[in-house]
Structure formats: structure tokens, C-alpha cells
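Asks: Attaching a single structure in C-alpha cells format; questions to follow.
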Amino acid sequence: MSNSYGTLFRISTFGESHGPGIGVIIDGCPAGLAVEVADIQHALDRRRPGQSELTTPRSEADEVEVLSGLFEGRSTGTPIALLIRNQDQRSHDYSHIQHAYRPSHADYTYDQKYGHRDYRGGGRSSARETAARVAAGAVAAAFLRQHGITVQSYVSQVGAVAVPVGYEQLNLALIDSNLVRCPDPDTAERMAQLIRQTRDRHDTVGGLITGVVRGVPAGLGEPVFDKLHAELGKAMLSINAVKGFEYGSGFAGTLLFGSEHNDAFYTDEAGQVRTRTNHSGGIQGGISNGQDIYFRVAFKPVATILQPQQTIDDQGQPIELAGRGRHDPCVLPRAVPIVDAMTALVLADMLLRARGSRV
């Protein structure tokens, strides 16, 4: 179903940007998992609007309500229902687009698919829906931690401003030390300045988020259609504003010869199978090989800009339209916890699926 993701660890999200609230049902979470509501809230706080000068000023507390599935700090094995109520809707900000098709938005395509759409903030197409994923991802992350797996993502590029080194040379503990969520302080300040300049021009800017997963055992993923990197790619491409996904050496790997690109195996002093390089990004044949999994996700500039643009209305008539309301000049700082969440959801599902693949 289009509103659900996962096979064994499965989520279904619901709600619209300007409705009463949004939420998620998590089915398949094993019983007895220690889940702190404070951890779910922390993840939502990292994603919520109005958290800094670099994000949309929409003010939402995004307080999570647990409706079912958790009792005395542990999962019960029944569906976990989480609700986040909307509190700061300004639907009148969108009255001017009731019949307009905003450039690079889902207005026209939703009309063509459904014949009817919620124009208030984009309704179901709004990135507000991702708060439900972040809440579910926090539960998945708790499951992964139980198995020694950690997920970390950070902003590695805004516009043309990029972190000059790979994740191995960064202190990822610094991700939340600045507003941009970039663990390289000097680069983070340049990114923040670019975002401020873009905001002051009533424009938007995109960039890249790098994801890093450590502690994944070898053997996760399916060999043909449900390859681990394919599932990660699907999960990332389902996030609003995402335009691309690459893992390991990615497109840069096309510049290498096979003799340079191959990851040679060896056995370390502890008797563990390792590779001397990791161009594969921790995944070979669609299955994890025990090395770090790393990938990059490309985000386009936010489509809503506070500048006049030429477009048409739902009758096909040309009109001039300027964005209104409260929007992010750059989505990347708030998208970091979304990338974390989707990564955790993919791996939690794959971990459960792997349990049944061997006798």
C-alpha cells in the first residue's frame, strides 16, 4: 500500500499538513523492546519546525502521544500507535493556491491522480508527514541499538559548499553542535551563511546528506529484488525533495578501474573477515558484508519560493503566483533526522527478515 513501508517491521502513516494531526502505526515490533518515549520526542525535536533561524518559523511542539503498544517502557508486541497533533496551522496562507498549480509541487499530479486535493500546505504531499516516520524511526533505532547497530547522518553539502573530507575523518559526535548539523565546524559556518543569504533573497538552496551505519552484521538484505541498497534507495527517494541516492563509491566509482575499485578481503587479528577498502559501501550482491554502510542523499532546493513565478491554474489559464506562508530556505538541517529514521526502518526490517533466512 502506498502509505505503508516494510515487510516484517512495518509502518503505516496517516494525516495531512493542516489536519488535526499526523501519526503512524508500527506493526511487527518485537515484544519486550525497551523504548523510551523521551527518545522518540528527542528525534521529533530534531525534525520539528521553528527550531532555529535557518528553518521555517512554523511553531509546532510535535509532542508525541502513545496510543498503544508500549507499556511500562517496553513494547508489548501489539501495534504501536503514535500521534502528533498539529497546532500551528495557518490554512489561510494557502487560499491563493486553491486553483493554482505551483511550480515543481504535487498540485497538478495530485489532481490528475485523485481529481481532488487538499491544497492547505500540500495536504498529504507535505513534508509534515515525515514527522510520523521520524517517530517510527526512533522505535526502529532502539531495536537496532539492541543489536549494536548505530545510524548517523549529517549535512555534507549545501549548494556548492561541501565538507572537504570523508566521514572517516570527521567527529560525528559534533553533528548537533551547530544549526546546520554538519560535523565540520568551519564548513558548517559557511553553509549557515549561504542559507541566510539565500533566505534573504527569498530563494531556496539544496545539497547533500551523508548517512553512516556502523555495526551491521554481514548477511542483511535479499539477493535479487530486495537488495539492501535498493531498499535504502527506495526509502530515501520516498522523502520529500530527494532527487538522488548513491552508496559507497557511487558515481565517482565510474572514474576508477576495476583494479582500483575492488575491495580486497583479509582476516584481521580477531579472526574477522574485513576488506582493505570500502568502495562497496558495506554492501555486496545486495547483502551487507559487515563493513560500514555509507551513502549520500541529494535534496533539491525547496520548491516554494517567495518570488513571483509564471504558472497556470486548474483551468489551464496562465497566472502569476508568489509563495506565501512559512517555509524552509534549506530543508537539509531538518532532513537529517528523517534520513536517520528511514535508514533505521530499513535495517530493522532487514534484521527481522534475516532471522528466517537460515536454519
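By order in the C-alpha cells, chains are A, B, ...; within a chain, residues start at 1; ligands start at 1, following the order shown.
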Which residues come within 7 Å of Leu321 in chain A, counting only C-alpha atoms, excluding same-chain residues fewer than 6 positions away, as a PyMOL selection string?

Replies: chain A and resi 308-311

Asks: Against range 11-25 of chain A, which residues of range 90-187 of chain A fall within 7 Å? For each one I want the closest pair of atoms and the distance in Å (one decimal), counting only C-alpha atoms, rows by chain and increasing residue number, as a Markdown table.

Replies:
| residue | atom | partner | partner_atom | distance |
| --- | --- | --- | --- | --- |
| A:Ser91 | CA | A:His18 | CA | 6.7 |
| A:Arg120 | CA | A:His18 | CA | 6.0 |
| A:Gly121 | CA | A:Ser17 | CA | 5.9 |
| A:Gly122 | CA | A:Ser17 | CA | 6.9 |
| A:Gly123 | CA | A:Glu16 | CA | 4.7 |
| A:Arg124 | CA | A:Glu16 | CA | 4.7 |
| A:Ser126 | CA | A:Ser17 | CA | 6.0 |
| A:Arg128 | CA | A:Ser17 | CA | 5.4 |
| A:Glu129 | CA | A:Ile22 | CA | 6.6 |
| A:Ala132 | CA | A:Gly23 | CA | 5.0 |
| A:Ala136 | CA | A:Val24 | CA | 6.9 |

Asks: Go ahead and save the picked residues with all heavy atoms, as a PDB file, in the first residue's frame.

Replies:
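So again_10.pdb came out as:
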ATOM      1  N   SER A  91      -4.060  27.904   7.565  1.00  0.00           N
ATOM      2  CA  SER A  91      -4.565  27.453   6.265  1.00  0.00           C
ATOM      3  C   SER A  91      -4.857  28.605   5.324  1.00  0.00           C
ATOM      4  O   SER A  91      -4.801  28.452   4.097  1.00  0.00           O
ATOM      5  CB  SER A  91      -5.818  26.597   6.468  1.00  0.00           C
ATOM      6  OG  SER A  91      -5.522  25.451   7.249  1.00  0.00           O
ATOM      7  N   ARG A 120      -4.177  22.895   1.360  1.00  0.00           N
ATOM      8  CA  ARG A 120      -3.643  23.550   2.560  1.00  0.00           C
ATOM      9  C   ARG A 120      -2.267  22.977   2.893  1.00  0.00           C
ATOM     10  O   ARG A 120      -2.141  21.919   3.489  1.00  0.00           O
ATOM     11  CB  ARG A 120      -4.585  23.362   3.742  1.00  0.00           C
ATOM     12  CG  ARG A 120      -6.014  23.830   3.514  1.00  0.00           C
ATOM     13  CD  ARG A 120      -6.916  23.295   4.612  1.00  0.00           C
ATOM     14  NE  ARG A 120      -6.856  21.831   4.668  1.00  0.00           N
ATOM     15  CZ  ARG A 120      -7.315  21.096   5.678  1.00  0.00           C
ATOM     16  NH1 ARG A 120      -7.863  21.698   6.736  1.00  0.00           N
ATOM     17  NH2 ARG A 120      -7.235  19.785   5.653  1.00  0.00           N
ATOM     18  N   GLY A 121      -1.237  23.693   2.493  1.00  0.00           N
ATOM     19  CA  GLY A 121       0.117  23.235   2.763  1.00  0.00           C
ATOM     20  C   GLY A 121       0.513  21.989   1.997  1.00  0.00           C
ATOM     21  O   GLY A 121       1.513  21.352   2.319  1.00  0.00           O
ATOM     22  N   GLY A 122      -0.260  21.629   0.991  1.00  0.00           N
ATOM     23  CA  GLY A 122       0.039  20.439   0.206  1.00  0.00           C
ATOM     24  C   GLY A 122      -0.627  19.185   0.723  1.00  0.00           C
ATOM     25  O   GLY A 122      -0.528  18.119   0.108  1.00  0.00           O
ATOM     26  N   GLY A 123      -1.311  19.278   1.886  1.00  0.00           N
ATOM     27  CA  GLY A 123      -2.020  18.105   2.390  1.00  0.00           C
ATOM     28  C   GLY A 123      -1.090  16.944   2.647  1.00  0.00           C
ATOM     29  O   GLY A 123      -0.096  17.052   3.358  1.00  0.00           O
ATOM     30  N   ARG A 124      -1.391  15.822   2.039  1.00  0.00           N
ATOM     31  CA  ARG A 124      -0.608  14.603   2.241  1.00  0.00           C
ATOM     32  C   ARG A 124       0.770  14.681   1.587  1.00  0.00           C
ATOM     33  O   ARG A 124       1.700  13.985   2.002  1.00  0.00           O
ATOM     34  CB  ARG A 124      -1.395  13.425   1.665  1.00  0.00           C
ATOM     35  CG  ARG A 124      -0.791  12.053   1.932  1.00  0.00           C
ATOM     36  CD  ARG A 124      -0.921  11.647   3.370  1.00  0.00           C
ATOM     37  NE  ARG A 124      -0.443  10.283   3.575  1.00  0.00           N
ATOM     38  CZ  ARG A 124       0.071   9.843   4.695  1.00  0.00           C
ATOM     39  NH1 ARG A 124       0.181  10.639   5.746  1.00  0.00           N
ATOM     40  NH2 ARG A 124       0.482   8.591   4.809  1.00  0.00           N
ATOM     41  N   SER A 126       2.777  17.124   1.758  1.00  0.00           N
ATOM     42  CA  SER A 126       3.643  17.975   2.559  1.00  0.00           C
ATOM     43  C   SER A 126       4.697  17.164   3.301  1.00  0.00           C
ATOM     44  O   SER A 126       4.450  16.033   3.732  1.00  0.00           O
ATOM     45  CB  SER A 126       2.815  18.763   3.581  1.00  0.00           C
ATOM     46  OG  SER A 126       3.639  19.408   4.528  1.00  0.00           O
ATOM     47  N   ARG A 128       5.410  17.586   6.158  1.00  0.00           N
ATOM     48  CA  ARG A 128       4.916  17.417   7.530  1.00  0.00           C
ATOM     49  C   ARG A 128       4.685  15.941   7.837  1.00  0.00           C
ATOM     50  O   ARG A 128       4.843  15.495   8.977  1.00  0.00           O
ATOM     51  CB  ARG A 128       3.612  18.200   7.687  1.00  0.00           C
ATOM     52  CG  ARG A 128       2.996  18.114   9.076  1.00  0.00           C
ATOM     53  CD  ARG A 128       3.369  19.300   9.926  1.00  0.00           C
ATOM     54  NE  ARG A 128       2.856  19.157  11.287  1.00  0.00           N
ATOM     55  CZ  ARG A 128       3.622  18.924  12.357  1.00  0.00           C
ATOM     56  NH1 ARG A 128       4.923  18.829  12.238  1.00  0.00           N
ATOM     57  NH2 ARG A 128       3.092  18.806  13.542  1.00  0.00           N
ATOM     58  N   GLU A 129       4.336  15.155   6.821  1.00  0.00           N
ATOM     59  CA  GLU A 129       4.096  13.724   7.002  1.00  0.00           C
ATOM     60  C   GLU A 129       5.324  13.014   7.547  1.00  0.00           C
ATOM     61  O   GLU A 129       5.208  11.989   8.247  1.00  0.00           O
ATOM     62  CB  GLU A 129       3.669  13.108   5.662  1.00  0.00           C
ATOM     63  CG  GLU A 129       3.437  11.604   5.682  1.00  0.00           C
ATOM     64  CD  GLU A 129       4.687  10.797   5.366  1.00  0.00           C
ATOM     65  OE1 GLU A 129       5.646  11.369   4.784  1.00  0.00           O
ATOM     66  OE2 GLU A 129       4.718   9.603   5.710  1.00  0.00           O
ATOM     67  N   ALA A 132       5.871  11.653  11.239  1.00  0.00           N
ATOM     68  CA  ALA A 132       5.402  10.323  11.629  1.00  0.00           C
ATOM     69  C   ALA A 132       6.488   9.280  11.387  1.00  0.00           C
ATOM     70  O   ALA A 132       6.680   8.350  12.187  1.00  0.00           O
ATOM     71  CB  ALA A 132       4.136   9.973  10.845  1.00  0.00           C
ATOM     72  N   ALA A 136       8.450   6.784  14.178  1.00  0.00           N
ATOM     73  CA  ALA A 136       8.607   5.340  13.993  1.00  0.00           C
ATOM     74  C   ALA A 136      10.080   4.960  13.927  1.00  0.00           C
ATOM     75  O   ALA A 136      10.494   3.914  14.456  1.00  0.00           O
ATOM     76  CB  ALA A 136       7.896   4.904  12.722  1.00  0.00           C
TER      77      ALA A 136
END

Asks: Fewer than 6 positions away in the same chain doesn't count, so skip those; otherwise give me all residues within 6 Å of range 283-300 of chain A, counting only C-alpha atoms, as a ChimeraX atom specification.

Replies: /A:206-214,216-221,223,227-228,241-248

Asks: Give the strand (DSSP E) residues of range 76-248 of chain A, as DSSP finds them on the backbone, and put them as a ChimeraX atom specification.

Replies: /A:80-85,100-101,150-158,161-162,207-214,242-247

Asks: Taking the chain letters and numbering used in this document, name the residues of range 95-229 of chain A that DSSP puts in helix (DSSP H, G or I), as a ChimeraX atom specification.

Replies: /A:95-97,107-114,120-125,127-146,167-169,172-177,185-200,228-229

Asks: Dump C-alpha atoms for the selected residues as a PDB file, in the first residue's frame?

Replies:
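In the end it all went to result_35.pdb:
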ATOM      1  CA  SER A  95      -6.100  30.150  -0.068  1.00  0.00           C
ATOM      2  CA  HIS A  96      -4.402  31.764  -3.071  1.00  0.00           C
ATOM      3  CA  ILE A  97      -3.335  28.363  -4.447  1.00  0.00           C
ATOM      4  CA  ASP A 107      -0.625  20.098  -7.106  1.00  0.00           C
ATOM      5  CA  TYR A 108      -1.098  19.121 -10.762  1.00  0.00           C
ATOM      6  CA  THR A 109      -0.117  15.464 -10.328  1.00  0.00           C
ATOM      7  CA  TYR A 110      -2.421  15.003  -7.316  1.00  0.00           C
ATOM      8  CA  ASP A 111      -5.300  16.493  -9.321  1.00  0.00           C
ATOM      9  CA  GLN A 112      -4.565  14.114 -12.179  1.00  0.00           C
ATOM     10  CA  LYS A 113      -4.366  11.072  -9.888  1.00  0.00           C
ATOM     11  CA  TYR A 114      -7.222  11.794  -7.471  1.00  0.00           C
ATOM     12  CA  ARG A 120      -3.643  23.550   2.560  1.00  0.00           C
ATOM     13  CA  GLY A 121       0.117  23.235   2.763  1.00  0.00           C
ATOM     14  CA  GLY A 122       0.039  20.439   0.206  1.00  0.00           C
ATOM     15  CA  GLY A 123      -2.020  18.105   2.390  1.00  0.00           C
ATOM     16  CA  ARG A 124      -0.608  14.603   2.241  1.00  0.00           C
ATOM     17  CA  SER A 125       2.230  15.656  -0.102  1.00  0.00           C
ATOM     18  CA  ALA A 127       6.921  17.117   4.299  1.00  0.00           C
ATOM     19  CA  ARG A 128       4.916  17.417   7.530  1.00  0.00           C
ATOM     20  CA  GLU A 129       4.096  13.724   7.002  1.00  0.00           C
ATOM     21  CA  THR A 130       7.736  12.834   7.679  1.00  0.00           C
ATOM     22  CA  ALA A 131       7.318  13.606  11.391  1.00  0.00           C
ATOM     23  CA  ALA A 132       5.402  10.323  11.629  1.00  0.00           C
ATOM     24  CA  ARG A 133       8.315   8.498  10.019  1.00  0.00           C
ATOM     25  CA  VAL A 134      10.761  10.082  12.453  1.00  0.00           C
ATOM     26  CA  ALA A 135       8.664   8.880  15.399  1.00  0.00           C
ATOM     27  CA  ALA A 136       8.607   5.340  13.993  1.00  0.00           C
ATOM     28  CA  GLY A 137      12.308   5.537  13.175  1.00  0.00           C
ATOM     29  CA  ALA A 138      13.109   6.230  16.816  1.00  0.00           C
ATOM     30  CA  VAL A 139      11.496   2.899  17.749  1.00  0.00           C
ATOM     31  CA  ALA A 140      13.429   1.141  14.967  1.00  0.00           C
ATOM     32  CA  ALA A 141      16.648   2.776  16.198  1.00  0.00           C
ATOM     33  CA  ALA A 142      16.029   1.353  19.688  1.00  0.00           C
ATOM     34  CA  PHE A 143      15.737  -2.108  18.127  1.00  0.00           C
ATOM     35  CA  LEU A 144      18.998  -1.584  16.199  1.00  0.00           C
ATOM     36  CA  ARG A 145      20.873  -0.394  19.286  1.00  0.00           C
ATOM     37  CA  GLN A 146      19.896  -3.640  20.992  1.00  0.00           C
ATOM     38  CA  TYR A 167      33.068  10.639   7.174  1.00  0.00           C
ATOM     39  CA  GLU A 168      36.032   8.604   8.483  1.00  0.00           C
ATOM     40  CA  GLN A 169      37.937  11.837   9.134  1.00  0.00           C
ATOM     41  CA  LEU A 172      30.313  12.611  14.108  1.00  0.00           C
ATOM     42  CA  ALA A 173      29.633  13.477  17.743  1.00  0.00           C
ATOM     43  CA  LEU A 174      29.653  17.100  16.508  1.00  0.00           C
ATOM     44  CA  ILE A 175      26.650  16.669  14.191  1.00  0.00           C
ATOM     45  CA  ASP A 176      24.261  18.502  16.531  1.00  0.00           C
ATOM     46  CA  SER A 177      26.822  21.076  17.673  1.00  0.00           C
ATOM     47  CA  PRO A 185      32.558  23.450  12.206  1.00  0.00           C
ATOM     48  CA  ASP A 186      34.298  25.646   9.612  1.00  0.00           C
ATOM     49  CA  THR A 187      32.236  24.243   6.755  1.00  0.00           C
ATOM     50  CA  ALA A 188      29.080  24.457   8.874  1.00  0.00           C
ATOM     51  CA  GLU A 189      29.525  28.200   9.343  1.00  0.00           C
ATOM     52  CA  ARG A 190      29.954  28.726   5.597  1.00  0.00           C
ATOM     53  CA  MET A 191      26.846  26.621   4.979  1.00  0.00           C
ATOM     54  CA  ALA A 192      24.853  28.658   7.504  1.00  0.00           C
ATOM     55  CA  GLN A 193      25.942  31.887   5.866  1.00  0.00           C
ATOM     56  CA  LEU A 194      24.834  30.610   2.450  1.00  0.00           C
ATOM     57  CA  ILE A 195      21.434  29.602   3.857  1.00  0.00           C
ATOM     58  CA  ARG A 196      20.978  33.051   5.434  1.00  0.00           C
ATOM     59  CA  GLN A 197      21.888  34.783   2.176  1.00  0.00           C
ATOM     60  CA  THR A 198      19.507  32.539   0.243  1.00  0.00           C
ATOM     61  CA  ARG A 199      16.681  33.228   2.706  1.00  0.00           C
ATOM     62  CA  ASP A 200      17.228  36.988   2.460  1.00  0.00           C
ATOM     63  CA  LEU A 228      19.792  -3.788   0.853  1.00  0.00           C
ATOM     64  CA  HIS A 229      20.975  -0.831  -1.204  1.00  0.00           C
TER      65      HIS A 229
END

Asks: Which is closest to Pro164 in chain A among A:Pro183, A:Pro318, A:Gly282, A:Pro337, if we use only C-alpha atoms?

Replies: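 Closest candidate: A:Pro183.
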
Asks: Given the choices A:Ala354, A:Arg276, A:Gly32, A:Gln315, which gets closest to Asp263 in chain A if the distance is worked out from only C-alpha atoms?

Replies: A:Arg276

Asks: Residues of range 304-347 of chain A that approach range 231-236 of chain A to 12 Å or less, counting only C-alpha atoms: could you list each one with the shortest pair of atoms and its distance in Å to one decimal, rows by chain and increasing residue number, as a Markdown table?

Replies:
| residue | atom | partner | partner_atom | distance |
| --- | --- | --- | --- | --- |
| A:Ala335 | CA | A:Met236 | CA | 10.6 |
| A:Val336 | CA | A:Met236 | CA | 11.3 |
| A:Pro337 | CA | A:Met236 | CA | 12.0 |
| A:Ile338 | CA | A:Met236 | CA | 8.9 |
| A:Val339 | CA | A:Met236 | CA | 6.8 |
| A:Asp340 | CA | A:Met236 | CA | 9.9 |
| A:Ala341 | CA | A:Ala235 | CA | 9.6 |
| A:Met342 | CA | A:Ala235 | CA | 5.9 |
| A:Thr343 | CA | A:Leu232 | CA | 6.6 |
| A:Ala344 | CA | A:Leu232 | CA | 9.7 |
| A:Leu345 | CA | A:Ala235 | CA | 8.7 |
| A:Val346 | CA | A:Leu232 | CA | 6.5 |
| A:Leu347 | CA | A:Leu232 | CA | 8.6 |

Asks: Please produce a file of those selected residues containing N, CA, C and O atoms, as a compact mmCIF listing (two decimals), in the first residue's frame.

Replies:
# COMPACT_ATOMS: atom_id res chain seq x y z
N ALA A 335 16.17 17.64 7.62
CA ALA A 335 16.05 16.35 6.94
C ALA A 335 16.98 15.30 7.52
O ALA A 335 16.78 14.10 7.28
N VAL A 336 18.01 15.72 8.27
CA VAL A 336 18.94 14.75 8.85
C VAL A 336 18.21 13.69 9.68
O VAL A 336 18.43 12.48 9.48
N PRO A 337 17.33 14.05 10.62
CA PRO A 337 16.63 13.00 11.38
C PRO A 337 15.67 12.17 10.52
O PRO A 337 15.35 11.03 10.90
N ILE A 338 15.24 12.71 9.40
CA ILE A 338 14.38 11.92 8.50
C ILE A 338 15.20 10.83 7.83
O ILE A 338 14.78 9.68 7.71
N VAL A 339 16.40 11.19 7.37
CA VAL A 339 17.30 10.20 6.78
C VAL A 339 17.67 9.14 7.82
O VAL A 339 17.68 7.94 7.53
N ASP A 340 17.96 9.58 9.04
CA ASP A 340 18.23 8.63 10.13
C ASP A 340 17.07 7.64 10.30
O ASP A 340 17.27 6.43 10.43
N ALA A 341 15.85 8.19 10.31
CA ALA A 341 14.67 7.37 10.57
C ALA A 341 14.45 6.34 9.47
O ALA A 341 14.21 5.15 9.75
N MET A 342 14.51 6.77 8.22
CA MET A 342 14.27 5.84 7.12
C MET A 342 15.35 4.77 7.06
O MET A 342 15.07 3.61 6.74
N THR A 343 16.58 5.14 7.39
CA THR A 343 17.66 4.14 7.43
C THR A 343 17.37 3.11 8.51
O THR A 343 17.50 1.89 8.28
N ALA A 344 16.98 3.57 9.70
CA ALA A 344 16.69 2.66 10.79
C ALA A 344 15.52 1.73 10.46
O ALA A 344 15.55 0.54 10.79
N LEU A 345 14.51 2.26 9.79
CA LEU A 345 13.35 1.44 9.43
C LEU A 345 13.73 0.34 8.45
O LEU A 345 13.28 -0.81 8.57
N VAL A 346 14.57 0.67 7.46
CA VAL A 346 15.02 -0.34 6.50
C VAL A 346 15.80 -1.43 7.21
O VAL A 346 15.56 -2.64 7.01
N LEU A 347 16.74 -1.04 8.06
CA LEU A 347 17.61 -2.03 8.71
C LEU A 347 16.86 -2.88 9.73
O LEU A 347 17.14 -4.07 9.88

Asks: Between A:Ser75, A:Leu332, A:Ala34, A:Met350, single out the one closest to Gly159 in chain A, counting only C-alpha atoms.

Replies: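 The closest residue to Gly159 in chain A is A:Leu332.
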
Asks: Have a look at A:Arg48, A:Arg10, A:Arg74, A:His99 and name the one nearest to Asp314 in chain A; count only C-alpha atoms.

Replies: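 Closest to Asp314 in chain A of all the choices is A:His99.
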
Asks: Between A:Val155, A:Tyr119, A:Val37, A:Gly69, which is the closest to Arg102 in chain A once you count only C-alpha atoms?

Replies: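 Looking at the shortest contact to Arg102 in chain A, the residue is A:Tyr119.
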
Asks: Between A:Asn262, A:Asp27, A:Val163, A:Asp45, which one has atoms that come closest to Ala81 in chain A, using only C-alpha atoms?

Replies: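 For Ala81 in chain A, the nearest of the candidates is A:Asp27.
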